[in-house]
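Quick notes on the structure that follows.
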Amino acid sequence: MSKTLVEKIWDAHVVKSETGFPDILYIDTHLIHEVTSPQAFDGLRKRGLPVFRPQQTVATADHNVPTIDQLLPIKEELSRYQVDMLTKNCAEFGIELYGLGHPFQGIVHVIGPELGITLPGKTMVCGDSHTSTHGAFGAIAFGIGTSQVEQVFATQCLLQQKPKTMKIEVNGTLGKGVSAKDIILYIISKISAAGGTGYFIEYAGSAIEALSMEARMTICNMSIEMGARGGLIAPDQTTFDYIKGREFAPAGAAWDKALAYWKTLYSDADAKFDSVLTFKAEDIAPMITYGTNPGMGMGIQENIPATSSQPGKEQLSYQKALDYMGFDDDSSLIGKPVDYVFIGSCTNSRIEDLREVAEFVKGKQKAENVTVWIVPGSKQVEQQAINEGLDQIFEKAGFQLREPGCSACLGMNEDKIPAGKYCVSTSNRNFEGRQGPDARTLLVSPLTAAAAAVTGKITDVREMLTKA
Amino acid sequence: MKKFEKLTSAIVPLNIENIDTDQIIPARFLKATTREGFGENLFRDWRYNGDHTLKPDFVLNDATYSGQILVAGKNFGCGSSREHAAWAIQDAGFDVVISSFFADIFKGNALNNGLLPIQVSEDFLSAIYTAVGKNHKAQLDVDLEKQTVTIVDSREQADFEINAYKKSCLINGYDDIDFILNQKHLIAAFEQAK
């Protein structure tokens with residue numbers, strides 16, 4: 001019987017399937033961090049259970065960590081306690097921890113792929129909704145709650161209903177100044193912040209196949225922003241080339257065996273999806289969000305849709321979002337002054353993102369009115385940026401290169417955007433208060449963020465590219 | 001896990017769509033390492049001003065409304081997977097959340113904690129808002145066994161869906177870990193066969 005890629009991987013991991021019950025799904029790799037794990041470790045203690053497969057569990061500290069002076073004790077007491085608790089729990093339960101100071105430390109969804117932990121055909125979970133990122137390798141990867149973290153600790157399995165499948169095809173060639181981030185913001189703006197709920201999404205089509213691994217991660221990362229638990233892309237030569245030689249990737253005979261299996265991981269030609277959507281790459285412009293959920297996005301030259309054009313029941317929530325942002329409906333964002341630019345997060349903090357920004361800002365200066373933070377996704381990304389001299393370019397431009405962590409994406413550490421300020425951000429969520437109480441977030445690609453940093457206002461980066 | 005069978009209660013109406021888990025409990029309040037106490041910061045930035053004074057207009061600060069049932073607009077619980085959102089709602093005294101649409105992860109987290117998420121039609125949601133508009137103390141009657149929710153004043157009733165397994169977990173107060181642990185021999189066998 002023909003199967004979709006999701007079905008192939010899912011079926012290979014079902015320990016037990018019984019009518020009337022969710023499947024017992026085997027989890028190959030469990031990633032954990034300091035914020036969503038302590039209560040799960042506590043649960044194990046209360047039940048008197050060990051971590052069943054500690055060697056399939058990897059920990060890092062990312063959400064709560066400072067992004068300056070990481071080797072000094074964390075100043076904020078509660079954050080320090082939470083990070084210390086992770087260290088203590090990992091030691092007690094025998095879990096490998098890439099904590100502060102470790103050369104592999106970083107955002108959990110950046111380090112998994114760069115260390116060769118994330119592999120095609122795997123099932124992977126983490127107590128973080130952006131676990132969908134790992135789907136870029138052709139893995140089933142999704143975010144879970146803390147009770148489920150405890151479940152995986154205790155059993156290396158999860159009770160899960162098999163999801164519905166959706167295929168999103170993007171065909172054609174992207175225009176100048178348009179990147180993976182724009183593709184995914186465009187898709188979300190078309191199908192809404194709830195349009196993928198209940199589905200696992202497979203991204204396909206010539207525009208997706210042409211993307212690098214890091215760009216594919218950006219796409220899969222934001223699957224959750226349309227409600228989908230996960231998104232994935234069939235592995236191909238781009239995937240295999242990226243994985244080969246990484247720290248924990250299979251090598252030698254194990255590589256050959258793995259590769260042979262990975263080459264079977266694609267949706268069969270006549271496989272049935274529950275839903276199929278198709279988009280044209282040529283229709284996609286640099287995107288920007290204007291509201292308080294990632295579905296409220298538009299091409300940067302467009303006007304914010306009129307409140308009156310929204311369905312009746314939704315007008316109240318829509319207007320509330322625009323009021324929060326301080327924007328008028330039916331107006332353009334071009335030229336609006338910007339206070340902060342944040343380049344980072346599990347969506348856009350990898351070396352390609354930093355290279356793209358550096359190439360654009362080389363020889364340019366940030367605008368005086370803007371504070372620019374660049375937060376690399378991991379120690380390895382940070383080191384590579386330094387090795388390539390990107391740190392010098394950023395410094396000359398007045399951009400601050402900080403140390404790795406989730407940082408201002410969610411403002412759990414000190415990296416918060418002040419109330420009322422506008423932050424052009426390469427992160428994934430523009431929710432009210434996400435980057436700090438009353439902070440206002442505009443989601444964009446790294447290139448559009450770099451343009452805003454240089455001009456100090458919202459800018460169509462394409463105009464700056466043609467001038468150059 | 002907390003058991004749930006039946007509930008008759010007044011409601012707290014929160015007629016807003018796309019309420020994300022960052023609104024339910026902002027990230028800066030996720031630093032606790034136990035499950036308790038998150039209710040204090042439920043809807044923190046809607047409930048409190050920057051100087052920690054209460055915002056009197058917000059429904060949770062309005063003594064007119066009370067009860068163990070939270071009613072909210074579609075796509076409730078979208079965004080982050082933080083289970084703290086379900087813990088905060090429960091800790092603030094709610095046992096049921098009603099919406100016309102729930103985000104997946106939130107729904108799962110709620111069910112794993114004995115907080116019942118009930119999905120109703122847009123029309124029934126409107127009927128609830130209408131009822132509470134007329135009578136701020138209007139009550140709902142929730143019956144998990146029968147899978148019904150009823151507006152007590154008008155006797156309008158809606159059926160709701162729930163996975164049969166999850167339903168029995170709620171009624172009996174057992175959780176997924178208990179269920180899987182009873183079948184652990186299958187897991188080792190699966191690993192062997194791989």
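Residues in the structure tokens are named by chain (A, B, ... in the order shown) and by number from 1 within that chain; ligands are numbered from 1 in the order shown.
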Provide as a PyMOL selection string the residues of chain B at most 7 Å from chain A, counting only C-alpha atoms.
chain B and resi 16-17+22+27-28+30-31+33-35+45+75+78-83+103-105+109+112+164-165+176-177+181+186-187+190
Which residues come within 10 Å of Val12 of chain B, counting only C-alpha atoms, excluding same-chain residues fewer than 6 positions away, as a VMD selection string?
chain B and resid 59 to 60 62 64 to 72 94 97 129 132 136 to 138
Please measure the separation of atom CA of Ser126 of chain B and atom CA of Lys107 of chain B, giving the value in Å to one decimal.
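Computing it gives 21.1 Å between the two atoms.
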Those in segment 33-169 of chain B with strand (DSSP E) from DSSP, as a list in words
Ile69, Leu70, Val71, Ala72, Val96, Val97, Ile98, Ser99, Leu116, Pro117, Ile118, Gln119, Gln139, Leu140, Asp141, Val142, Asp143, Thr148, Val149, Thr150, Ile151, Gln157, Ala158 and Asp159 of chain B
Given the selection you just returned, output its residues as a file containing N, CA, C and O atoms, formatted as a compact mmCIF listing (two decimals), in the first residue's frame.
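Final output, part_31.txt:
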```txt
# COMPACT_ATOMS: atom_id res chain seq x y z
N ILE B 69 -15.56 27.39 35.11
CA ILE B 69 -15.55 27.15 33.66
C ILE B 69 -15.09 28.41 32.94
O ILE B 69 -15.69 29.47 33.08
N LEU B 70 -14.02 28.28 32.19
CA LEU B 70 -13.51 29.40 31.39
C LEU B 70 -14.01 29.21 29.96
O LEU B 70 -13.90 28.12 29.41
N VAL B 71 -14.57 30.27 29.38
CA VAL B 71 -15.09 30.19 28.02
C VAL B 71 -14.35 31.20 27.15
O VAL B 71 -14.28 32.38 27.50
N ALA B 72 -13.77 30.75 26.05
CA ALA B 72 -12.93 31.64 25.24
C ALA B 72 -13.11 31.38 23.75
O ALA B 72 -13.65 30.35 23.35
N VAL B 96 -12.80 23.33 33.69
CA VAL B 96 -13.24 23.14 32.31
C VAL B 96 -12.88 24.39 31.51
O VAL B 96 -12.98 25.51 32.02
N VAL B 97 -12.42 24.19 30.26
CA VAL B 97 -12.27 25.31 29.31
C VAL B 97 -13.13 24.99 28.11
O VAL B 97 -13.06 23.88 27.57
N ILE B 98 -13.94 25.96 27.70
CA ILE B 98 -14.79 25.78 26.52
C ILE B 98 -14.34 26.76 25.45
O ILE B 98 -14.11 27.94 25.73
N SER B 99 -14.20 26.24 24.22
CA SER B 99 -13.85 27.10 23.09
C SER B 99 -14.43 26.46 21.83
O SER B 99 -14.84 25.29 21.84
N LEU B 116 -10.66 19.69 31.68
CA LEU B 116 -11.43 19.22 30.52
C LEU B 116 -11.59 20.31 29.46
O LEU B 116 -12.24 21.33 29.71
N PRO B 117 -11.01 20.12 28.26
CA PRO B 117 -11.25 21.06 27.16
C PRO B 117 -12.47 20.61 26.37
O PRO B 117 -12.53 19.47 25.92
N ILE B 118 -13.45 21.49 26.23
CA ILE B 118 -14.67 21.13 25.50
C ILE B 118 -14.79 22.00 24.26
O ILE B 118 -14.86 23.22 24.36
N GLN B 119 -14.81 21.34 23.10
CA GLN B 119 -14.97 22.09 21.85
C GLN B 119 -16.44 22.10 21.46
O GLN B 119 -17.07 21.05 21.35
N GLN B 139 -25.40 29.52 34.59
CA GLN B 139 -24.60 28.32 34.84
C GLN B 139 -24.61 27.37 33.65
O GLN B 139 -25.55 27.33 32.87
N LEU B 140 -23.53 26.61 33.56
CA LEU B 140 -23.46 25.51 32.60
C LEU B 140 -23.41 24.21 33.37
O LEU B 140 -22.83 24.14 34.46
N ASP B 141 -23.97 23.20 32.73
CA ASP B 141 -23.97 21.88 33.32
C ASP B 141 -23.12 20.99 32.40
O ASP B 141 -23.45 20.84 31.22
N VAL B 142 -22.01 20.48 32.91
CA VAL B 142 -21.12 19.65 32.09
C VAL B 142 -21.21 18.21 32.58
O VAL B 142 -21.02 17.95 33.77
N ASP B 143 -21.50 17.30 31.66
CA ASP B 143 -21.59 15.88 32.02
C ASP B 143 -20.64 15.10 31.10
O ASP B 143 -20.91 14.94 29.91
N THR B 148 -22.11 15.92 27.29
CA THR B 148 -23.00 17.04 26.99
C THR B 148 -22.63 18.26 27.83
O THR B 148 -22.12 18.14 28.94
N VAL B 149 -22.92 19.44 27.25
CA VAL B 149 -22.83 20.68 28.00
C VAL B 149 -24.15 21.42 27.79
O VAL B 149 -24.64 21.53 26.66
N THR B 150 -24.73 21.90 28.89
CA THR B 150 -26.07 22.47 28.85
C THR B 150 -26.07 23.84 29.49
O THR B 150 -25.47 24.03 30.56
N ILE B 151 -26.72 24.80 28.83
CA ILE B 151 -26.91 26.12 29.44
C ILE B 151 -28.13 25.98 30.36
O ILE B 151 -29.24 25.72 29.88
N GLN B 157 -28.56 22.64 24.70
CA GLN B 157 -27.56 21.61 24.99
C GLN B 157 -26.71 21.31 23.76
O GLN B 157 -27.20 21.36 22.63
N ALA B 158 -25.44 21.02 23.99
CA ALA B 158 -24.57 20.59 22.89
C ALA B 158 -23.84 19.32 23.32
O ALA B 158 -23.51 19.14 24.50
N ASP B 159 -23.61 18.43 22.34
CA ASP B 159 -22.77 17.26 22.59
C ASP B 159 -21.33 17.66 22.30
O ASP B 159 -21.08 18.55 21.50
```
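For Asn172 of chain B, the non-local neighbours within 7 Å, defined as residues at least 3 positions apart in the same chain or in other chains and counting only C-alpha atoms, are Lys3, Ser168 and Cys169 of chain B.
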Restricted to C-alpha atoms, what would the selected residues look like written as a PDB file, in the first residue's frame?
```
ATOM      1  CA  LYS B   3     -10.727  12.978  38.313  1.00  0.00           C
ATOM      2  CA  SER B 168     -11.892   6.975  30.814  1.00  0.00           C
ATOM      3  CA  CYS B 169      -8.600   8.475  32.052  1.00  0.00           C
TER       4      CYS B 169
END
```
Exercise: segment 298-306 of chain A partners within 6 Å, only C-alpha atoms, chain neighbours under 2 positions left out, as an MDAnalysis selection string:
chainID A and resid 285:288 308:309 329:332
May I have the residues from that selection written out with C-alpha atoms, as a CSV table (one decimal), in the first residue's frame?
```csv
chain,number,residue,atom,x,y,z
A,285,ALA,CA,7.5,39.0,-1.5
A,286,PRO,CA,9.6,39.8,1.6
A,287,MET,CA,7.0,39.3,4.4
A,288,ILE,CA,6.3,41.2,7.6
A,308,SER,CA,-14.0,45.8,8.0
A,309,SER,CA,-12.7,43.1,5.6
A,329,ASP,CA,-5.8,49.4,9.4
A,330,ASP,CA,-5.4,49.9,5.7
A,331,SER,CA,-2.0,51.6,6.2
A,332,SER,CA,1.5,50.7,5.0
```
What does the distance between atom CA of Gln192 of chain B and atom CA of Pro113 of chain A come to in Å, to one decimal place?
26.5 Å
I'd like the neighbourhood of segment 270-283 of chain A as an MDAnalysis selection string, where a residue qualifies if any of its atoms comes within 6 Å (using only C-alpha atoms), though same-chain residues fewer than 3 positions away should be ignored.
chainID A and resid 2:4 165:174
Who sits within 7 Å of Ala88 of chain B, only C-alpha atoms, same chain under 5 positions skipped, as a list of chain:residue names
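Close residues of Ala88 of chain B: B:Phe38, B:Gly39, B:Leu42.
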Expected file: the selected residues, N, CA and C atoms, as a PDB file, in the first residue's frame:
```pdb
ATOM      1  N   PHE B  38       1.078  28.628  39.668  1.00  0.00           N
ATOM      2  CA  PHE B  38       1.067  29.405  38.431  1.00  0.00           C
ATOM      3  C   PHE B  38      -0.208  30.232  38.258  1.00  0.00           C
ATOM      4  N   GLY B  39      -1.269  29.867  39.018  1.00  0.00           N
ATOM      5  CA  GLY B  39      -2.544  30.574  38.894  1.00  0.00           C
ATOM      6  C   GLY B  39      -2.434  32.057  39.204  1.00  0.00           C
ATOM      7  N   LEU B  42      -1.814  33.784  36.020  1.00  0.00           N
ATOM      8  CA  LEU B  42      -2.671  33.471  34.881  1.00  0.00           C
ATOM      9  C   LEU B  42      -3.097  34.771  34.196  1.00  0.00           C
TER      10      LEU B  42
END
```
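Distances from A:Ala61, A:Ala451, A:Ala358, A:Ile208 to Leu31 of chain A were compared using only C-alpha atoms, and the smallest one belongs to A:Ala61.
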Name the closest residue to Leu443 of chain A among the candidates A:Leu185, A:Leu354, A:Val338, A:Ile233; distances are taken between atoms, counting only C-alpha atoms.
A:Leu185
When you look at Glu209 of chain A with a cut-off of 9 Å (counting only C-alpha atoms), what residues show up, excluding the ones that are within fewer than 6 positions of it in the same chain? I need them as an MDAnalysis selection string.
chainID A and resid 216 233:234 236 238
Could you turn the residues from that selection into a file that holds N, CA, C and O atoms, as an mmCIF file, in the first residue's frame?
```
data_model
loop_
_atom_site.group_PDB
_atom_site.id
_atom_site.type_symbol
_atom_site.label_atom_id
_atom_site.label_comp_id
_atom_site.auth_asym_id
_atom_site.auth_seq_id
_atom_site.Cartn_x
_atom_site.Cartn_y
_atom_site.Cartn_z
ATOM 1 N N ARG A 216 15.603 24.953 5.155
ATOM 2 C CA ARG A 216 14.519 23.983 5.369
ATOM 3 C C ARG A 216 14.127 23.948 6.848
ATOM 4 O O ARG A 216 12.962 23.762 7.196
ATOM 5 N N ILE A 233 10.296 17.414 5.542
ATOM 6 C CA ILE A 233 10.712 17.473 4.145
ATOM 7 C C ILE A 233 11.450 16.169 3.854
ATOM 8 O O ILE A 233 12.297 15.736 4.653
ATOM 9 N N ALA A 234 11.142 15.547 2.736
ATOM 10 C CA ALA A 234 11.793 14.276 2.390
ATOM 11 C C ALA A 234 13.305 14.496 2.263
ATOM 12 O O ALA A 234 13.744 15.463 1.643
ATOM 13 N N ASP A 236 17.083 14.273 0.950
ATOM 14 C CA ASP A 236 17.670 14.115 -0.378
ATOM 15 C C ASP A 236 19.183 14.321 -0.262
ATOM 16 O O ASP A 236 19.726 14.349 0.849
ATOM 17 N N THR A 238 20.973 16.905 -0.512
ATOM 18 C CA THR A 238 21.283 18.073 0.327
ATOM 19 C C THR A 238 21.318 17.659 1.806
ATOM 20 O O THR A 238 22.205 18.073 2.567
#
```
Residues of segment 37-180 of chain B in helix (DSSP H, G or I), written as a PyMOL selection string:
chain B and resi 38-41+44-47+59-61+84-91+104-111+122-134+164-172+176-180
Identify which of the residues A:Ser206, A:Thr218, A:Thr239, A:Thr455 lies closest to Glu368 of chain A, counting only C-alpha atoms when measuring atom-to-atom distances.
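For Glu368 of chain A, the nearest of the candidates is A:Thr455.
For the pair atom CA of Ser407 of chain A and atom CA of Phe342 of chain A, the interatomic distance is 9.2 Å.
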Between B:Phe179, B:Tyr174, B:Trp87, B:Phe101, single out the one closest to Ile24 of chain B, counting only C-alpha atoms.
B:Trp87
